[in-house]
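Printed here is final_23.txt (compact mmCIF, C-alpha atoms):
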```
# COMPACT_ATOMS: atom_id res chain seq x y z
CA MET A 295 17.09 -10.50 -19.40
CA GLU A 296 16.49 -10.18 -15.68
CA HIS A 297 14.43 -7.35 -14.27
CA ARG A 298 15.51 -6.12 -10.87
CA VAL A 299 13.93 -3.54 -8.59
CA PRO A 300 15.73 -0.24 -9.23
CA VAL A 301 17.94 0.90 -6.37
CA TRP A 302 15.95 4.11 -5.92
CA LEU A 303 12.72 2.16 -5.59
CA ALA A 304 14.20 -0.31 -3.11
CA CYS A 305 15.51 2.54 -0.98
CA LEU A 306 12.23 4.42 -1.15
CA LEU A 307 10.15 1.44 -0.15
CA ALA A 308 12.55 0.58 2.65
CA ILE A 309 12.04 4.07 4.05
CA GLN A 310 8.29 4.04 3.59
CA LEU A 311 7.14 0.68 4.83
CA SER A 312 6.39 0.06 8.45
CA ALA A 313 7.97 -3.35 8.14
CA CYS A 314 11.31 -1.59 8.55
CA SER A 315 10.90 -1.24 12.30
CA GLY A 316 10.94 -4.95 13.08
CA ARG A 317 8.73 -4.69 16.19
CA THR A 318 5.10 -5.31 16.92
CA GLU A 319 2.34 -2.74 17.14
CA PRO A 320 2.15 -0.31 18.81
CA GLN A 321 5.83 -0.14 19.87
CA LEU A 322 7.30 0.23 16.40
CA SER A 323 9.80 3.06 16.77
CA PRO A 324 12.51 2.41 14.18
CA GLY A 325 15.26 3.68 16.44
CA PRO A 326 18.89 4.38 15.44
CA GLY A 327 19.96 3.29 11.98
CA TYR A 328 16.45 3.41 10.52
CA PRO A 329 15.72 2.01 8.02
CA PRO A 330 17.55 -1.33 7.88
CA THR A 331 18.15 -2.91 4.49
CA GLY A 332 15.47 -5.17 3.07
CA GLY A 333 12.53 -3.87 5.09
CA TYR A 334 9.93 -5.03 2.58
CA SER A 335 9.18 -7.95 0.33
CA TYR A 336 6.94 -8.61 -2.63
CA LEU A 337 4.75 -11.67 -2.60
CA ASN A 338 4.99 -13.89 -5.66
CA GLU A 339 1.97 -13.49 -7.90
CA ALA A 340 1.47 -17.24 -7.94
CA THR A 341 1.19 -17.41 -4.16
CA ALA A 342 -0.51 -14.09 -3.45
CA PRO A 343 -3.93 -14.54 -1.84
CA PRO A 344 -6.85 -14.28 -4.25
CA PRO A 345 -9.38 -11.48 -3.83
CA ALA A 346 -11.85 -11.89 -1.01
CA ALA A 347 -15.26 -13.09 -2.14
CA SER A 348 -17.00 -10.91 0.44
CA PRO A 349 -17.48 -8.07 1.32
CA THR A 350 -15.51 -6.93 -1.73
CA ALA A 351 -17.36 -6.51 -4.99
CA ASP A 352 -17.19 -4.69 -8.28
CA ALA A 353 -19.88 -2.04 -8.58
CA PRO A 354 -21.20 -1.11 -12.05
CA THR A 355 -20.99 2.67 -11.58
CA ALA A 356 -17.32 3.29 -12.46
CA ARG A 357 -16.24 5.68 -15.21
CA PRO A 358 -15.63 4.28 -18.72
CA GLY A 359 -12.49 2.16 -18.80
CA MET A 360 -12.50 1.84 -15.02
CA ALA A 361 -13.91 -0.64 -12.53
CA ARG A 362 -15.00 0.10 -8.99
CA LEU A 363 -13.98 -1.81 -5.88
CA LEU A 364 -16.28 -1.61 -2.87
CA ASP A 365 -15.39 -2.86 0.60
CA THR A 366 -18.38 -2.57 2.89
CA GLN A 367 -16.66 -4.14 5.90
CA VAL A 368 -13.79 -1.68 6.22
CA GLY A 369 -15.77 1.05 4.49
CA TYR A 370 -14.09 2.33 1.35
CA THR A 371 -14.43 2.42 -2.40
CA LEU A 372 -11.95 3.05 -5.20
CA GLU A 373 -11.70 2.99 -8.97
CA TYR A 374 -9.03 1.11 -10.89
CA PRO A 375 -8.24 0.50 -14.58
CA ALA A 376 -10.49 -2.23 -15.96
CA GLU A 377 -7.52 -4.32 -17.14
CA TRP A 378 -6.07 -4.48 -13.62
CA GLN A 379 -6.81 -7.31 -11.18
CA ILE A 380 -8.10 -7.42 -7.63
CA ARG A 381 -5.77 -9.35 -5.35
CA GLY A 382 -5.15 -9.83 -1.66
CA GLN A 383 -1.87 -8.84 -0.02
CA VAL A 384 0.89 -8.33 -2.62
CA LEU A 385 3.45 -6.49 -0.49
CA ALA A 386 4.50 -7.73 2.94
CA THR A 387 4.66 -5.01 5.58
CA GLU A 388 4.63 -5.33 9.33
CA PHE A 389 1.27 -3.59 9.47
CA ALA A 390 -0.14 -6.10 6.98
CA GLU A 391 0.53 -9.00 9.35
CA GLY A 392 -2.82 -9.96 10.80
CA ALA A 393 -4.60 -7.25 8.81
CA SER A 394 -7.29 -7.59 6.18
CA CYS A 395 -5.62 -6.65 2.89
CA GLU A 396 -6.74 -6.25 -0.67
CA SER A 397 -5.13 -4.61 -3.63
CA VAL A 398 -5.55 -3.66 -7.26
CA GLN A 399 -2.59 -4.29 -9.52
CA ILE A 400 -1.19 -4.87 -12.99
CA VAL A 401 1.71 -7.26 -13.57
CA ASP A 402 3.94 -6.37 -16.52
CA PHE A 403 6.51 -9.09 -15.91
CA GLN A 404 6.32 -12.27 -13.80
CA PRO A 405 9.69 -14.05 -13.51
CA PRO A 406 9.79 -17.84 -13.64
CA GLU A 407 9.85 -19.77 -10.40
CA GLY A 408 13.30 -19.82 -8.83
CA SER A 409 14.49 -16.76 -10.72
CA LEU A 410 16.19 -13.90 -8.90
CA ALA A 411 14.48 -11.42 -11.19
CA ALA A 412 11.90 -9.07 -9.70
CA VAL A 413 8.22 -8.88 -10.46
CA LEU A 414 7.40 -5.75 -12.45
CA HIS A 415 4.04 -4.67 -11.17
CA SER A 416 2.21 -1.55 -10.12
CA PHE A 417 -0.35 -1.61 -7.37
CA VAL A 418 -2.30 0.04 -4.60
CA GLN A 419 -2.70 -2.10 -1.48
CA ILE A 420 -5.06 -1.31 1.38
CA CYS A 421 -4.66 -3.11 4.71
CA ALA A 422 -7.00 -2.53 7.64
CA ARG A 423 -6.94 -3.58 11.27
CA PRO A 424 -9.93 -3.26 13.60
CA LEU A 425 -9.19 -0.73 16.33
CA GLN A 426 -8.18 -2.63 19.44
CA ASN A 427 -6.89 0.26 21.52
CA SER A 428 -7.74 3.88 22.21
CA LEU A 429 -4.77 5.35 20.38
CA THR A 430 -5.54 8.22 18.05
CA LEU A 431 -3.85 8.22 14.66
CA ASP A 432 -1.41 10.87 15.89
CA GLU A 433 -0.52 8.77 18.94
CA PHE A 434 -0.12 5.63 16.85
CA MET A 435 2.18 7.35 14.37
CA GLY A 436 4.23 8.88 17.17
CA GLN A 437 4.73 5.52 18.86
CA THR A 438 5.42 3.79 15.55
CA TYR A 439 8.01 6.15 14.06
CA GLY A 440 9.23 8.19 17.01
CA GLN A 441 11.66 10.94 16.06
CA ALA A 442 11.65 9.79 12.42
CA LEU A 443 7.98 10.73 12.02
CA SER A 444 8.45 14.39 11.10
CA SER A 445 11.11 13.65 8.48
CA ALA A 446 9.38 10.62 6.96
CA PHE A 447 5.74 11.72 6.91
CA GLU A 448 3.62 14.80 6.40
CA VAL A 449 0.12 15.42 7.71
CA VAL A 450 -2.41 15.51 4.87
CA GLU A 451 -6.07 15.09 4.14
CA PHE A 452 -6.63 11.82 2.32
CA ALA A 453 -10.02 10.46 1.26
CA GLY A 454 -11.53 13.27 3.31
CA ALA A 455 -9.79 12.12 6.49
CA HIS A 456 -6.84 13.18 8.65
CA ALA A 457 -3.86 11.14 7.43
CA TYR A 458 -0.09 10.78 7.29
CA ARG A 459 1.67 10.36 3.95
CA THR A 460 5.33 9.80 3.17
CA VAL A 461 6.92 13.09 2.22
CA LYS A 462 8.35 12.06 -1.16
CA GLU A 463 5.92 13.02 -3.89
CA GLY A 464 4.93 10.66 -6.66
CA ALA A 465 3.15 7.36 -7.14
CA ASN A 466 5.20 5.52 -4.49
CA ALA A 467 3.62 6.26 -1.15
CA THR A 468 2.68 4.91 2.25
CA ILE A 469 -0.39 6.47 3.86
CA PHE A 470 -1.92 5.90 7.29
CA LEU A 471 -5.41 6.96 8.29
CA GLN A 472 -8.00 5.94 10.82
CA THR A 473 -11.77 5.56 10.86
CA LYS A 474 -14.10 4.91 13.78
CA GLY A 475 -13.61 1.19 13.37
CA HIS A 476 -10.28 0.62 11.61
CA ARG A 477 -6.68 1.73 11.32
CA ILE A 478 -5.67 1.68 7.66
CA GLN A 479 -2.41 1.53 5.74
CA VAL A 480 -2.39 2.33 2.02
CA VAL A 481 0.75 1.42 0.09
CA SER A 482 1.29 2.21 -3.58
CA ALA A 483 4.25 1.48 -5.81
CA VAL A 484 5.29 1.44 -9.44
CA SER A 485 7.88 -1.02 -10.72
CA ALA A 486 7.92 -0.90 -14.52
CA ASP A 487 10.17 -0.61 -17.53
CA LYS A 488 10.93 2.94 -18.67
CA ASP A 489 8.44 2.79 -21.54
CA MET A 490 5.61 1.96 -19.11
CA GLU A 491 6.65 3.96 -16.05
CA ILE A 492 4.79 7.19 -16.90
CA LEU A 493 1.55 5.33 -17.65
CA ARG A 494 1.70 3.15 -14.54
CA SER A 495 2.54 6.14 -12.32
CA ALA A 496 -0.47 8.02 -13.69
CA GLN A 497 -2.71 5.00 -13.13
CA VAL A 498 -1.55 4.48 -9.56
CA THR A 499 -2.03 8.17 -8.79
CA ALA A 500 -5.57 8.00 -10.24
CA VAL A 501 -6.38 5.02 -8.02
CA LEU A 502 -5.15 6.85 -4.92
CA ASP A 503 -7.16 9.94 -5.84
CA SER A 504 -10.30 7.83 -6.27
CA ILE A 505 -10.28 6.31 -2.77
CA ASN A 506 -13.29 7.37 -0.70
CA LEU A 507 -14.38 6.35 2.77
CA ILE A 508 -17.98 5.25 3.23
CA PRO A 509 -20.00 4.96 6.47
```

Just give me the structure as structure tokens.
Amino acid sequence: MEHRVPVWLACLLAIQLSACSGRTEPQLSPGPGYPPTGGYSYLNEATAPPPAASPTADAPTARPGMARLLDTQVGYTLEYPAEWQIRGQVLATEFAEGASCESVQIVDFQPPEGSLAAVLHSFVQICARPLQNSLTLDEFMGQTYGQALSSAFEVVEFAGAHAYRTVKEGANATIFLQTKGHRIQVVSAVSADKDMEILRSAQVTAVLDSINLIP
């Protein structure tokens, strides 16, 4: 039995991901017809980069049943279920190109090589780019999404910082924020069978809620 990404999830991710624009930063306005079809792609688990050896580490102070991920270079920490894995980039977005990415994820189904079936996995991916221009987060988002910004994103506080989050509620989200040294994209998604969807959505939401910025 083949597992395919549900149509609603494909459409949602196509709307959310900055890969949809097809241009390079900072001139990423999606323009007419946004979003085009197929504006995202999963990386195969077998070829996804392994977790970075440094500066990422598991700290021993997480709650029972959870592990803690600490990134001292970008400056954040998060908690994730102990049975999940730390990986590198698992979802290709335009922002992720040339960025430092790491993720926490659980794979419920990995199709065999050459299969058209989709990976069933739930994850939170964080990609960071060192600031190389003087654009504020508001300016970056305006240049990136143009007139689509107000309909696609809402201004929120995330991890104690000014941020933009896709307007659709739930575990599937794209979030942009900025620190003194980095511009950050957080992408979360749940792709699971019906009997696992509620659990995976709750786990992804818990990971997002646990993200904290550190000096």

- Between CA of Leu364 (chain A) and CA of Ala465 (chain A) lies a distance of 21.8 Å

- Task: Rank A:Asp487, A:Glu388, A:Glu451, A:Asp503 by their smallest atom-to-atom distance to Thr371 (chain A), using all atoms listed in the file, and report the top residue only.
- Result: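 Under the stated criterion, the closest residue is A:Asp503.
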
- Message: Quick check, in Å to one decimal: how far apart do CA of Gly359 (chain A) and CA of Arg459 (chain A) lie?
- Response: 28.0 Å

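Each of A:Arg477, A:Ala496, A:Met360, A:Ser444 was compared to Val461 (chain A) using only C-alpha atoms, and A:Ser444 turns out to be the nearest.
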
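Comparing the minimum interatomic distances between Leu507 (chain A) and each of A:Gln437, A:Gln426, A:Gln472, A:Ser416, counting all atoms listed in the file, we find that A:Gln472 sits nearest.
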
- Figure out the distance between CA of Ile400 (chain A) and CA of His415 (chain A), please, to one decimal in Å. 5.5 Å

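Proximity of A:Phe389, A:Ile420, A:Ala446, A:Leu471 to Asp432 (chain A), computed with all atoms listed in the file, is greatest for A:Leu471.
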
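Considering the residues A:Val450, A:Ala393, A:Phe403, A:Thr473 and counting all atoms listed in the file, Leu431 (chain A) has its shortest atom-to-atom contact with A:Thr473.
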
- Note on the structure: Gly392 (chain A) proximity check over A:Ala422, A:Gly475, A:Ser409, A:Glu463, using all atoms listed in the file: winner is A:Ala422

Got a sec to write region 474-497 of chain A of the block to a file, N, CA and C atoms, as a tab-separated table (two decimals), in the first residue's frame?
```tsv
chain	number	residue	atom	x	y	z
A	474	LYS	N	20.00	39.00	16.80
A	474	LYS	CA	21.05	39.96	16.46
A	474	LYS	C	22.02	39.42	15.43
A	475	GLY	N	22.15	38.09	15.39
A	475	GLY	CA	23.14	37.52	14.48
A	475	GLY	C	22.58	36.68	13.36
A	476	HIS	N	21.30	36.25	13.45
A	476	HIS	CA	20.78	35.31	12.47
A	476	HIS	C	19.34	35.62	12.06
A	477	ARG	N	19.01	35.25	10.85
A	477	ARG	CA	17.63	35.21	10.39
A	477	ARG	C	17.23	33.74	10.37
A	478	ILE	N	16.08	33.41	10.94
A	478	ILE	CA	15.73	32.03	11.21
A	478	ILE	C	14.39	31.67	10.60
A	479	GLN	N	14.33	30.49	10.00
A	479	GLN	CA	13.08	29.93	9.51
A	479	GLN	C	12.81	28.63	10.27
A	480	VAL	N	11.63	28.52	10.85
A	480	VAL	CA	11.20	27.30	11.51
A	480	VAL	C	10.05	26.71	10.69
A	481	VAL	N	10.18	25.46	10.30
A	481	VAL	CA	9.13	24.79	9.54
A	481	VAL	C	8.74	23.52	10.29
A	482	SER	N	7.45	23.33	10.47
A	482	SER	CA	6.95	22.12	11.12
A	482	SER	C	5.89	21.49	10.25
A	483	ALA	N	5.79	20.18	10.30
A	483	ALA	CA	4.77	19.49	9.51
A	483	ALA	C	4.49	18.12	10.11
A	484	VAL	N	3.28	17.67	9.88
A	484	VAL	CA	2.86	16.34	10.29
A	484	VAL	C	2.34	15.61	9.07
A	485	SER	N	2.94	14.47	8.75
A	485	SER	CA	2.44	13.58	7.71
A	485	SER	C	2.37	12.20	8.33
A	486	ALA	N	1.17	11.75	8.68
A	486	ALA	CA	0.99	10.51	9.41
A	486	ALA	C	-0.34	9.87	9.06
A	487	ASP	N	-0.43	8.57	9.32
A	487	ASP	CA	-1.70	7.89	9.17
A	487	ASP	C	-2.70	8.44	10.19
A	488	LYS	N	-3.99	8.22	9.95
A	488	LYS	CA	-5.03	8.79	10.80
A	488	LYS	C	-4.88	8.38	12.26
A	489	ASP	N	-4.44	7.14	12.50
A	489	ASP	CA	-4.35	6.67	13.88
A	489	ASP	C	-3.19	7.29	14.64
A	490	MET	N	-2.28	7.96	13.92
A	490	MET	CA	-1.12	8.60	14.56
A	490	MET	C	-1.17	10.12	14.47
A	491	GLU	N	-2.08	10.65	13.69
A	491	GLU	CA	-2.07	12.08	13.39
A	491	GLU	C	-2.25	12.95	14.63
A	492	ILE	N	-3.16	12.59	15.52
A	492	ILE	CA	-3.39	13.40	16.72
A	492	ILE	C	-2.15	13.43	17.60
A	493	LEU	N	-1.53	12.26	17.79
A	493	LEU	CA	-0.32	12.19	18.62
A	493	LEU	C	0.80	13.01	18.01
A	494	ARG	N	1.06	12.82	16.72
A	494	ARG	CA	2.17	13.54	16.09
A	494	ARG	C	1.92	15.05	16.08
A	495	SER	N	0.68	15.46	15.88
A	495	SER	CA	0.37	16.90	15.91
A	495	SER	C	0.65	17.48	17.29
A	496	ALA	N	0.27	16.74	18.33
A	496	ALA	CA	0.52	17.21	19.69
A	496	ALA	C	2.02	17.28	19.98
A	497	GLN	N	2.76	16.31	19.48
A	497	GLN	CA	4.21	16.30	19.70
A	497	GLN	C	4.89	17.46	18.99
```
